[in-house]
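Enquirer: Structure file my_file_28.pdb, PDB, C-alpha atoms and all ligand atoms, is pasted below:
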```pdb
ATOM      1  CA  MET A  19    -134.647 126.696 -58.757
ATOM      2  CA  GLY A  20    -131.360 124.766 -58.544
ATOM      3  CA  ALA A  21    -128.322 126.166 -56.824
ATOM      4  CA  GLU A  22    -125.772 127.630 -59.184
ATOM      5  CA  THR A  23    -122.517 125.769 -59.623
ATOM      6  CA  LYS A  24    -119.124 126.285 -61.142
ATOM      7  CA  VAL A  25    -116.307 123.970 -62.194
ATOM      8  CA  ILE A  26    -112.930 124.254 -60.502
ATOM      9  CA  ARG A  27    -109.640 122.547 -61.213
ATOM     10  CA  CYS A  28    -107.392 120.553 -58.917
ATOM     11  CA  SER A  29    -104.631 122.744 -57.486
ATOM     12  CA  GLY A  30    -102.168 119.853 -57.563
ATOM     13  CA  HIS A  31     -99.151 119.527 -59.800
ATOM     14  CA  LYS A  32     -97.758 116.581 -61.700
ATOM     15  CA  ASN A  33     -94.094 115.658 -61.598
ATOM     16  CA  ASN A  34     -93.394 117.648 -64.773
ATOM     17  CA  ASN A  35     -94.729 120.638 -62.836
ATOM     18  CA  SER A  36     -97.798 121.044 -65.031
ATOM     19  CA  ARG A  37    -101.113 121.595 -63.349
ATOM     20  CA  CYS A  38    -103.428 118.635 -62.778
ATOM     21  CA  GLY A  39    -106.398 118.578 -65.151
ATOM     22  CA  ARG A  40    -109.017 117.009 -62.863
ATOM     23  CA  GLU A  41    -112.133 119.089 -62.343
ATOM     24  CA  LYS A  42    -114.953 119.177 -59.875
ATOM     25  CA  GLU A  43    -118.311 120.876 -59.828
ATOM     26  CA  VAL A  44    -118.831 122.959 -56.720
ATOM     27  CA  SER A  45    -121.403 125.452 -55.560
ATOM     28  CA  MET A  46    -121.011 129.014 -56.767
ATOM     29  CA  ASN A  47    -120.054 130.331 -53.341
ATOM     30  CA  PHE A  48    -117.203 127.850 -52.834
ATOM     31  CA  ASN A  49    -113.982 129.761 -52.647
ATOM     32  CA  GLY A  50    -111.005 127.752 -51.715
ATOM     33  CA  GLU A  51    -108.686 125.279 -53.233
ATOM     34  CA  TRP A  52    -109.576 121.759 -54.148
ATOM     35  CA  TYR A  53    -107.197 118.802 -54.568
ATOM     36  CA  CYS A  54    -108.158 115.580 -56.335
ATOM     37  CA  TRP A  55    -107.656 112.190 -54.658
ATOM     38  CA  GLN A  56    -104.216 111.819 -56.181
ATOM     39  CA  HIS A  57    -102.932 115.212 -55.089
ATOM     40  CA  GLU A  58    -104.721 115.632 -51.786
ATOM     41  CA  TYR A  59    -101.408 115.410 -49.940
ATOM     42  CA  GLN A  60    -100.043 118.452 -51.732
ATOM     43  CA  ARG A  61    -102.457 120.546 -49.707
ATOM     44  CA  TYR A  62    -100.007 120.177 -46.856
ATOM     45  CA  GLU A  63     -96.859 121.842 -47.984
ATOM     46  CA  HIS A  64     -94.731 120.431 -45.213
ATOM     47  CA  GLY A  65     -96.435 117.115 -44.862
ATOM     48  CA  PHE A  66     -98.869 116.631 -42.035
ATOM     49  CA  ARG A  67     -99.494 114.616 -38.937
ATOM     50  CA  LEU A  68    -102.494 112.566 -38.027
ATOM     51  CA  ALA A  69    -103.997 112.971 -34.589
ATOM     52  CA  HIS A  70    -101.762 111.868 -31.710
ATOM     53  CA  ASN A  71     -98.649 112.527 -33.807
ATOM     54  CA  VAL A  72     -99.147 109.407 -35.865
ATOM     55  CA  ASN A  73     -97.065 109.776 -38.986
ATOM     56  CA  TYR A  74     -97.352 106.231 -40.262
ATOM     57  CA  LYS A  75    -100.478 104.276 -41.014
ATOM     58  CA  LEU A  76    -101.155 100.765 -42.284
ATOM     59  CA  ASP A  77    -102.729 100.874 -45.706
ATOM     60  CA  GLY A  78    -105.006  98.280 -47.283
ATOM     61  CA  ARG A  79    -104.976  99.833 -50.746
ATOM     62  CA  MET A  80    -101.219  99.398 -51.001
ATOM     63  CA  LYS A  81    -101.576  95.789 -49.938
ATOM     64  CA  HIS A  82    -104.182  95.247 -52.631
ATOM     65  CA  LEU A  83    -101.867  96.722 -55.267
ATOM     66  CA  ALA A  84     -98.953  94.587 -54.053
ATOM     67  CA  LYS A  85    -101.132  91.484 -54.189
ATOM     68  CA  GLN A  86    -101.967  92.147 -57.841
ATOM     69  CA  ILE A  87     -98.305  92.680 -58.685
ATOM     70  CA  LEU A  88     -97.215  89.525 -56.822
ATOM     71  CA  GLU A  89     -99.767  87.557 -58.854
ATOM     72  CA  LYS A  90     -98.763  89.042 -62.167
ATOM     73  CA  LYS A  91     -94.982  89.320 -62.027
ATOM     74  CA  ARG A  92     -93.324  85.958 -62.484
ATOM     75  CA  ASP A  93     -90.044  87.136 -60.929
ATOM     76  CA  LEU A  94     -91.930  87.742 -57.672
ATOM     77  CA  TRP A  95     -93.683  84.379 -57.420
ATOM     78  CA  GLN A  96     -90.938  83.028 -55.158
ATOM     79  CA  VAL A  97     -91.453  85.981 -52.834
ATOM     80  CA  ARG A  98     -95.204  85.454 -52.928
ATOM     81  CA  ASP A  99     -94.822  81.776 -52.009
ATOM     82  CA  ALA A 100     -91.827  81.876 -49.647
ATOM     83  CA  ILE A 101     -92.577  85.107 -47.770
ATOM     84  CA  GLY A 102     -96.316  85.574 -48.312
ATOM     85  CA  ILE A 103     -98.140  88.867 -48.475
ATOM     86  CA  GLU A 104     -99.377  88.412 -44.904
ATOM     87  CA  ASN A 105     -95.773  88.881 -43.759
ATOM     88  CA  ILE A 106     -95.357  92.209 -45.499
ATOM     89  CA  GLY A 107     -96.629  95.342 -43.785
ATOM     90  CA  PHE A 108     -97.759  98.229 -45.997
ATOM     91  CA  VAL A 109     -97.469 101.649 -44.492
ATOM     92  CA  ARG A 110     -98.132 105.178 -45.651
ATOM     93  CA  CYS A 111     -96.081 107.981 -44.190
ATOM     94  CA  PHE A 112     -97.396 111.514 -44.203
ATOM     95  CA  LEU A 113     -94.096 113.292 -43.818
ATOM     96  CA  LYS A 114     -92.061 114.757 -46.637
ATOM     97  CA  LYS A 115     -89.133 112.390 -46.859
ATOM     98  CA  LYS A 116     -85.747 113.197 -48.263
ATOM     99  CA  SER A 117     -82.628 111.148 -48.163
ATOM    100  CA  ARG A 118     -79.241 112.674 -48.994
ATOM    101  CA  GLY A 119     -80.964 115.614 -50.619
ATOM    102  CA  LYS A 120     -83.122 113.472 -52.893
ATOM    103  CA  VAL A 121     -86.872 112.959 -52.704
ATOM    104  CA  THR A 122     -87.691 109.495 -51.395
ATOM    105  CA  TYR A 123     -90.828 107.922 -52.797
ATOM    106  CA  ALA A 124     -90.787 104.653 -50.929
ATOM    107  CA  ASP A 125     -88.589 102.188 -49.120
ATOM    108  CA  CYS A 126     -88.550  98.588 -48.079
ATOM    109  CA  ARG A 127     -87.009  97.376 -44.843
ATOM    110  CA  LYS A 128     -86.563  94.093 -43.072
ATOM    111  CA  VAL A 129     -87.889  93.818 -39.537
ATOM    112  CA  THR A 130     -84.829  92.888 -37.501
ATOM    113  CA  GLY A 131     -83.535  92.558 -33.959
ATOM    114  CA  PRO A 132     -85.937  93.121 -31.073
ATOM    115  CA  TYR A 133     -88.543  94.573 -33.442
ATOM    116  CA  ALA A 134     -89.024  91.079 -34.855
ATOM    117  CA  ALA A 135     -90.396  90.057 -31.452
ATOM    118  CA  MET A 136     -93.044  92.755 -31.572
ATOM    119  CA  ILE A 137     -93.951  93.407 -35.171
ATOM    120  CA  PRO A 138     -96.040  90.784 -36.973
ATOM    121  CA  TYR A 139     -94.301  91.358 -40.320
ATOM    122  CA  LYS A 140     -91.013  90.289 -41.847
ATOM    123  CA  PHE A 141     -90.790  93.303 -44.134
ATOM    124  CA  ILE A 142     -92.280  96.763 -44.196
ATOM    125  CA  ILE A 143     -92.863  98.747 -47.375
ATOM    126  CA  THR A 144     -93.446 102.448 -46.808
ATOM    127  CA  PHE A 145     -94.857 104.909 -49.333
ATOM    128  CA  TYR A 146     -94.175 108.586 -48.628
ATOM    129  CA  ASP A 147     -97.475 110.055 -49.667
ATOM    130  CA  TYR A 148     -96.487 113.631 -50.155
ATOM    131  CA  ASN A 149     -93.843 112.520 -52.632
ATOM    132  CA  THR A 150     -95.797 109.716 -54.311
ATOM    133  CA  SER A 151     -98.592 112.171 -55.055
ATOM    134  CA  LEU A 152     -96.203 113.560 -57.680
ATOM    135  CA  LEU A 153     -96.274 110.225 -59.510
ATOM    136  CA  SER A 154     -98.930 108.945 -61.886
ATOM    137  CA  VAL A 155    -100.908 105.856 -60.963
ATOM    138  CA  ASN A 156     -98.832 103.788 -63.385
ATOM    139  CA  GLN A 157     -95.587 105.099 -61.936
ATOM    140  CA  GLN A 158     -96.843 104.135 -58.487
ATOM    141  CA  LYS A 159     -97.423 100.600 -59.721
ATOM    142  CA  ILE A 160     -93.805 100.417 -60.894
ATOM    143  CA  LEU A 161     -92.743 101.903 -57.568
ATOM    144  CA  MET A 162     -94.527  99.100 -55.721
ATOM    145  CA  TYR A 163     -92.982  96.553 -58.093
ATOM    146  CA  HIS A 164     -89.571  98.083 -57.339
ATOM    147  CA  GLU A 165     -90.094  97.842 -53.565
ATOM    148  CA  LEU A 166     -91.331  94.253 -53.779
ATOM    149  CA  LYS A 167     -88.181  93.344 -55.690
ATOM    150  CA  HIS A 168     -86.193  94.346 -52.601
ATOM    151  CA  ILE A 169     -87.716  91.386 -50.763
ATOM    152  CA  GLY A 170     -85.612  88.262 -51.105
ATOM    153  CA  PRO A 171     -87.353  84.866 -50.910
ATOM    154  CA  ASN A 172     -84.613  83.929 -48.410
ATOM    155  CA  GLY A 173     -85.858  86.609 -46.026
ATOM    156  CA  TYR A 174     -83.164  89.173 -46.768
ATOM    157  CA  ILE A 175     -83.267  92.542 -48.480
ATOM    158  CA  VAL A 176     -82.181  92.447 -52.109
ATOM    159  CA  PRO A 177     -80.026  95.465 -53.000
ATOM    160  CA  HIS A 178     -80.319  97.195 -56.361
ATOM    161  CA  ASP A 179     -78.372  95.510 -59.101
ATOM    162  CA  ILE A 180     -77.620  98.839 -60.743
ATOM    163  CA  GLU A 181     -76.418 101.958 -59.120
ATOM    164  CA  ASP A 182     -76.071 104.873 -61.455
ATOM    165  CA  PHE A 183     -77.022 108.398 -62.373
ATOM    166  CA  SER A 184     -80.419 108.668 -64.018
ATOM    167  CA  ASP A 185     -79.200 110.925 -66.803
ATOM    168  CA  ILE A 186     -76.563 108.375 -67.754
ATOM    169  CA  LEU A 187     -79.160 105.608 -67.811
ATOM    170  CA  GLN A 188     -81.488 107.759 -69.887
ATOM    171  CA  LYS A 189     -78.882 108.649 -72.468
ATOM    172  CA  TYR A 190     -77.015 105.389 -72.734
ATOM    173  CA  GLY A 191     -79.527 102.789 -71.598
ATOM    174  CA  ILE A 192     -79.498 100.629 -68.517
ATOM    175  CA  ASP A 193     -77.182  98.133 -70.208
ATOM    176  CA  TRP A 194     -74.465 100.594 -71.092
ATOM    177  CA  ALA A 195     -71.896  98.675 -69.041
ATOM    178  CA  SER A 196     -72.929  95.196 -70.196
ATOM    179  CA  GLU A 197     -70.730  93.102 -72.463
ATOM    180  CA  GLY A 198     -71.116  93.772 -76.173
ATOM    181  CA  VAL A 199     -73.321  96.842 -75.824
ATOM    182  CA  GLU A 200     -72.365  99.624 -78.210
ATOM    183  CA  VAL A 201     -72.189 103.035 -76.672
ATOM    184  CA  PRO A 202     -71.261 106.366 -78.268
ATOM    185  CA  ASP A 203     -67.837 107.875 -77.754
ATOM    186  CA  ILE A 204     -68.736 110.699 -75.412
ATOM    187  CA  LEU A 205     -65.545 112.531 -76.340
ATOM    188  CA  SER A 206     -66.295 112.448 -80.059
ATOM    189  CA  GLU A 207     -67.139 115.808 -81.628
ATOM    190  CA  GLU A 208     -70.388 114.443 -83.054
ATOM    191  CA  VAL A 209     -71.611 113.523 -79.589
ATOM    192  CA  VAL A 210     -72.825 116.377 -77.438
TER     193      VAL A 210
HETATM  194 ZN    ZN A 301    -105.019 116.532 -59.087
HETATM  195 ZN    ZN A 302     -84.944 100.593 -54.223
END
```
Do you think you could lay out the structure here as structure tokens?
Expert:
Amino acid sequence: MGAETKVIRCSGHKNNNSRCGREKEVSMNFNGEWYCWQHEYQRYEHGFRLAHNVNYKLDGRMKHLAKQILEKKRDLWQVRDAIGIENIGFVRCFLKKKSRGKVTYADCRKVTGPYAAMIPYKFIITFYDYNTSLLSVNQQKILMYHELKHIGPNGYIVPHDIEDFSDILQKYGIDWASEGVEVPDILSEEVV
């Protein structure tokens, strides 16, 4: 006689706040919550610490993803050749990160000053796991692409070339301020 089982659903949420659809078969007497691999970090509402208060950890999976993106994206080939993936450290952070009230998914920093004497990387890309668990796998790929674009082949951080409000970009396109681009008259009565 086989043990009885039931199917439960991941307790995680996607970034549109809908419930994750992943399911898992568990034994009948399992009563607890289960989180899929993508949402496992949501189990810890306030982020969590590894043993010995380690909040940051090197991550090989991120490096693998970055390697694929560096191979595929032509605009990053200079970074791939001039900096080299071996000079980029990939780190996961297990704390909930916010910056100026906004959720931070990831950042890219240059190793400078005395740290350069101690750290065997020129750049460090950090993913904030609690926050990135809200993103789909494809969004995380774009996130990595975004962070890699911050690395300049000359060894310096490349700042964003656009700084804007996301609702403006959504409504009017990322080129709204470029020459010759037609935008609606936001004061017109037909435009709400
Ligand atoms: Zn899930
Ligand atoms: Zn950025």
Enquirer: Check what the PyMOL selection byres (((chain A and resi 147) around 9) and not hetatm) selects in the file above and give those residues as number ranges by chain.
Expert: A: 59, 65, 110-114, 123-124, 145-146, 148-152
Enquirer: Grab the CA of Lys140 (chain A) to CA of Ile169 (chain A) distance for me, in Å with one decimal place.
Expert: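 Separation between CA of Lys140 (chain A) and CA of Ile169 (chain A): 9.6 Å.
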Enquirer: As an exercise, work out the distance from CA of Gly50 (chain A) to CA of Asn33 (chain A) in Å and give it to one decimal place.
Expert: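 The value is 23.0 Å.
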Enquirer: Given a cut-off of 7 Å, what residues near ligand ZN 302 (chain A) show up using only C-alpha atoms and all ligand atoms, put as a compact mmCIF listing (two decimals) with C-alpha atoms, in the coordinates of the input?
Expert:
```
# COMPACT_ATOMS: atom_id res chain seq x y z
CA ASP A 125 -88.59 102.19 -49.12
CA HIS A 164 -89.57 98.08 -57.34
CA GLU A 165 -90.09 97.84 -53.56
CA HIS A 168 -86.19 94.35 -52.60
CA HIS A 178 -80.32 97.20 -56.36
```
Enquirer: Produce as a PyMOL selection string the set of residues near ligand ZN 301 (chain A), where near means within 7 Å with only C-alpha atoms and all ligand atoms considered.
Expert: chain A and resi 28-31+38-40+53-57
Enquirer: Please write the residues picked by the PyMOL selection byres (((chain A and resi 84-93) around 9) and not hetatm) on this file as a PyMOL selection string.
Expert: chain A and resi 79-83+94-98+103+108+159+162-163+166-167
Enquirer: Only C-alpha atoms, please: the residues just picked out, written as a PDB file, in the coordinates of the input.
Expert:
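Output file again13.pdb follows:
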```
ATOM      1  CA  ARG A  79    -104.976  99.833 -50.746  1.00  0.00           C
ATOM      2  CA  MET A  80    -101.219  99.398 -51.001  1.00  0.00           C
ATOM      3  CA  LYS A  81    -101.576  95.789 -49.938  1.00  0.00           C
ATOM      4  CA  HIS A  82    -104.182  95.247 -52.631  1.00  0.00           C
ATOM      5  CA  LEU A  83    -101.867  96.722 -55.267  1.00  0.00           C
ATOM      6  CA  LEU A  94     -91.930  87.742 -57.672  1.00  0.00           C
ATOM      7  CA  TRP A  95     -93.683  84.379 -57.420  1.00  0.00           C
ATOM      8  CA  GLN A  96     -90.938  83.028 -55.158  1.00  0.00           C
ATOM      9  CA  VAL A  97     -91.453  85.981 -52.834  1.00  0.00           C
ATOM     10  CA  ARG A  98     -95.204  85.454 -52.928  1.00  0.00           C
ATOM     11  CA  ILE A 103     -98.140  88.867 -48.475  1.00  0.00           C
ATOM     12  CA  PHE A 108     -97.759  98.229 -45.997  1.00  0.00           C
ATOM     13  CA  LYS A 159     -97.423 100.600 -59.721  1.00  0.00           C
ATOM     14  CA  MET A 162     -94.527  99.100 -55.721  1.00  0.00           C
ATOM     15  CA  TYR A 163     -92.982  96.553 -58.093  1.00  0.00           C
ATOM     16  CA  LEU A 166     -91.331  94.253 -53.779  1.00  0.00           C
ATOM     17  CA  LYS A 167     -88.181  93.344 -55.690  1.00  0.00           C
TER      18      LYS A 167
END
```
Enquirer: CA of Ser154 (chain A) and CA of Asp185 (chain A), how far apart in Å?
Expert: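 So the two atoms, CA of Asp185 (chain A) and CA of Ser154 (chain A), lie 20.4 Å apart.
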Enquirer: List the neighbours of Ala195 (chain A) out to 12 Å using only C-alpha atoms; skip same-chain residues closer than 3 positions along the sequence, and give me the result as a ChimeraX atom specification.
Expert: /A:180-182,186-187,190-192,198-201
Enquirer: What's the 8 Å shell around region 42-46 of chain A, counting only C-alpha atoms, without same-chain residues fewer than 5 positions away, as a list of chain:residue names?
Expert: A:Ala21, A:Glu22, A:Thr23, A:Lys24, A:Val25, A:Ile26, A:Arg27, A:Cys28
Enquirer: For a quick check of understanding, using all atoms listed in the file, which of A:Tyr174, A:Lys189, A:Glu197, A:Glu208 has the smallest distance to Ala100 (chain A)?
Expert: A:Tyr174
